[in-house]
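Printed here is model_26.cif (mmCIF, C-alpha atoms; chains and numbers go by the auth columns):
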data_protein
loop_
_atom_site.group_PDB
_atom_site.id
_atom_site.type_symbol
_atom_site.label_atom_id
_atom_site.label_comp_id
_atom_site.label_asym_id
_atom_site.label_seq_id
_atom_site.Cartn_x
_atom_site.Cartn_y
_atom_site.Cartn_z
_atom_site.B_iso_or_equiv
_atom_site.auth_seq_id
_atom_site.auth_asym_id
ATOM 1 C CA MET A 1 3.704 0.054 10.938 0.00 105 L
ATOM 2 C CA VAL A 2 5.220 -0.956 7.598 0.00 106 L
ATOM 3 C CA ASP A 3 8.024 -2.785 9.421 0.00 107 L
ATOM 4 C CA LEU A 4 5.421 -4.707 11.407 0.00 108 L
ATOM 5 C CA VAL A 5 3.601 -5.757 8.227 0.00 109 L
ATOM 6 C CA GLU A 6 6.901 -6.816 6.686 0.00 110 L
ATOM 7 C CA ASP A 7 7.682 -9.003 9.717 0.00 111 L
ATOM 8 C CA VAL A 8 4.199 -10.549 9.689 0.00 112 L
ATOM 9 C CA VAL A 9 4.222 -11.441 5.991 0.00 113 L
ATOM 10 C CA LYS A 10 7.674 -12.993 6.358 0.00 114 L
ATOM 11 C CA GLU A 11 6.303 -15.292 9.056 0.00 115 L
ATOM 12 C CA ARG A 12 2.977 -15.996 7.307 0.00 116 L
ATOM 13 C CA VAL A 13 3.602 -15.868 3.592 0.00 117 L
ATOM 14 C CA GLY A 14 -0.083 -16.393 2.736 0.00 118 L
ATOM 15 C CA LEU A 15 -0.906 -12.965 4.150 0.00 119 L
ATOM 16 C CA LYS A 16 1.236 -11.376 1.463 0.00 120 L
ATOM 17 C CA ARG A 17 -1.349 -12.417 -1.133 0.00 121 L
ATOM 18 C CA GLY A 18 -4.185 -10.780 0.763 0.00 122 L
ATOM 19 C CA LEU A 19 -6.064 -7.523 0.581 0.00 123 L
ATOM 20 C CA TRP A 20 -4.816 -4.872 2.990 0.00 124 L
ATOM 21 C CA VAL A 21 -6.719 -1.694 3.851 0.00 125 L
ATOM 22 C CA ASP A 22 -5.225 1.609 4.978 0.00 126 L
ATOM 23 C CA LEU A 23 -8.104 3.339 6.782 0.00 127 L
ATOM 24 C CA GLY A 24 -7.582 7.063 7.185 0.00 128 L
ATOM 25 C CA THR A 25 -4.695 7.020 4.741 0.00 129 L
ATOM 26 C CA GLY A 26 -3.851 10.711 4.934 0.00 130 L
ATOM 27 C CA SER A 27 -0.786 11.144 2.719 0.00 131 L
ATOM 28 C CA GLY A 28 -0.853 7.481 1.680 0.00 132 L
ATOM 29 C CA ALA A 29 2.632 6.827 3.064 0.00 133 L
ATOM 30 C CA ILE A 30 1.667 3.720 5.043 0.00 134 L
ATOM 31 C CA GLY A 31 -0.371 2.263 2.191 0.00 135 L
ATOM 32 C CA ILE A 32 2.492 2.917 -0.225 0.00 136 L
ATOM 33 C CA GLY A 33 4.975 1.306 2.151 0.00 137 L
ATOM 34 C CA ILE A 34 2.783 -1.760 2.630 0.00 138 L
ATOM 35 C CA GLY A 35 2.302 -1.972 -1.133 0.00 139 L
ATOM 36 C CA ARG A 36 6.070 -2.067 -1.573 0.00 140 L
ATOM 37 C CA VAL A 37 6.287 -4.897 0.969 0.00 141 L
ATOM 38 C CA LEU A 38 3.529 -6.899 -0.719 0.00 142 L
ATOM 39 C CA GLY A 39 4.793 -6.339 -4.241 0.00 143 L
ATOM 40 C CA ASP A 40 2.719 -7.900 -7.018 0.00 144 L
ATOM 41 C CA GLU A 41 1.257 -10.545 -4.710 0.00 145 L
ATOM 42 C CA GLY A 42 -1.004 -8.357 -2.584 0.00 146 L
ATOM 43 C CA ARG A 43 -3.285 -5.369 -2.876 0.00 147 L
ATOM 44 C CA VAL A 44 -3.676 -2.246 -0.781 0.00 148 L
ATOM 45 C CA VAL A 45 -6.842 -0.164 -0.672 0.00 149 L
ATOM 46 C CA ALA A 46 -6.300 3.262 0.868 0.00 150 L
ATOM 47 C CA VAL A 47 -9.329 5.298 1.972 0.00 151 L
ATOM 48 C CA ASP A 48 -9.940 8.569 3.755 0.00 152 L
ATOM 49 C CA VAL A 49 -13.034 10.669 4.460 0.00 153 L
ATOM 50 C CA SER A 50 -11.128 13.831 3.623 0.00 154 L
ATOM 51 C CA PRO A 51 -11.165 14.710 -0.081 0.00 155 L
ATOM 52 C CA VAL A 52 -7.963 16.692 0.459 0.00 156 L
ATOM 53 C CA ALA A 53 -6.222 13.653 1.973 0.00 157 L
ATOM 54 C CA VAL A 54 -7.348 11.516 -0.963 0.00 158 L
ATOM 55 C CA GLN A 55 -5.879 14.033 -3.396 0.00 159 L
ATOM 56 C CA VAL A 56 -2.593 14.090 -1.457 0.00 160 L
ATOM 57 C CA ALA A 57 -2.454 10.287 -1.454 0.00 161 L
ATOM 58 C CA LEU A 58 -3.142 10.179 -5.197 0.00 162 L
ATOM 59 C CA PHE A 59 -0.412 12.754 -5.781 0.00 163 L
ATOM 60 C CA ASN A 60 2.023 10.637 -3.734 0.00 164 L
ATOM 61 C CA ILE A 61 1.177 7.340 -5.422 0.00 165 L
ATOM 62 C CA VAL A 62 1.776 8.520 -9.001 0.00 166 L
ATOM 63 C CA PRO A 63 5.601 8.516 -8.756 0.00 167 L
ATOM 64 C CA VAL A 64 5.475 5.058 -7.149 0.00 168 L
ATOM 65 C CA VAL A 65 3.322 3.654 -9.946 0.00 169 L
ATOM 66 C CA MET A 66 5.604 5.166 -12.570 0.00 170 L
ATOM 67 C CA ASP A 67 8.643 3.753 -10.760 0.00 171 L
ATOM 68 C CA VAL A 68 7.322 0.166 -10.950 0.00 172 L
ATOM 69 C CA GLY A 69 6.542 0.474 -14.636 0.00 173 L
ATOM 70 C CA GLY A 70 2.772 0.664 -14.673 0.00 174 L
ATOM 71 C CA ALA A 71 -0.344 0.439 -12.581 0.00 175 L
ATOM 72 C CA GLY A 72 -0.197 -3.270 -11.761 0.00 176 L
ATOM 73 C CA GLY A 73 -1.964 -3.931 -8.484 0.00 177 L
ATOM 74 C CA TRP A 74 -2.057 -0.301 -7.386 0.00 178 L
ATOM 75 C CA TRP A 75 -5.289 0.669 -9.157 0.00 179 L
#

In structure tokens, what does this structure look like?
Amino acid sequence: MVDLVEDVVKERVGLKRGLWVDLGTGSGAIGIGIGRVLGDEGRVVAVDVSPVAVQVALFNIVPVVMDVGGAGGWW
């Protein structure tokens, strides 16, 4: 899925500046991957109905946010 998004935003650069939504994020892996593709230009909102999944996604995003030097567009 992340590879597909990367291909699409290469072809249509304007989409990189958009808002992307990861519905049913689970671990957050897809949302994190798309966020890496978009960089500072885009935003990803990850949602899940499961409180446990949300906690897992939050746990997984913290190292990514620290790796890029701050919250930036992640929060």

Padding 3 Å on each side, edges along x, y and z: where is the centre of the box around the listed atoms of stretch 122-127 of chain L, and how long are its edges in Å to one decimal? Output it as AutoDock Vina command-line options.
--center_x -6.1 --center_y -3.7 --center_z 3.7 --size_x 9.9 --size_y 20.1 --size_z 12.2

*Top pick for closest residue to L:Glu110, considering L:Ile165, L:Gly135, L:Leu142, L:Gly128 and counting only C-alpha atoms*: L:Leu142

*Can you tell me, as a list in words, what residues are no more than 12 Å from L:Phe163 when counting only C-alpha atoms, ignoring any on the same chain fewer than 3 positions away?*
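The neighbour list is Gly130, Ser131, Gly132, Ala133, Ile136, Val156, Ala157, Val158, Gln159, Val160, Val166, Pro167, Val168, Val169 and Met170 of chain L.
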
*Computed interatomic separation between atom CA of L:Ile138 and atom CA of L:Asp107 (Å)*: 8.6 Å

*asked:* When you look at L:Trp124 with a cut-off of 10 Å (counting all atoms listed in the file), what residues show up, excluding the ones that are within fewer than 4 positions of it in the same chain? I need them as JSON, numbers by chain.
replied: {"L": [109, 119, 120, 135, 138, 139, 142, 146, 147, 148, 149, 150]}

*Separation of atom CA of L:Glu115 from atom CA of L:Asp152 in Å*: 29.3 Å

*Two-atom distance - atom CA of L:Val151, atom CA of L:Gly122 (Å)*: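 That distance, rounded to one decimal, is 16.9 Å.
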
*Distance criterion (all atoms listed in the file): nearest to L:Arg140 out of L:Val125, L:Ala161, L:Val106, L:Val112*: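 Looking at the shortest contact to L:Arg140, the residue is L:Val106.
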
*Would you mind telling me which residue in L:Arg116, L:Thr129, L:Gly143, L:Gly137 lies nearest to L:Pro155 when using only C-alpha atoms?*
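Ranking L:Arg116, L:Thr129, L:Gly143, L:Gly137 by distance to L:Pro155, first place goes to L:Thr129.
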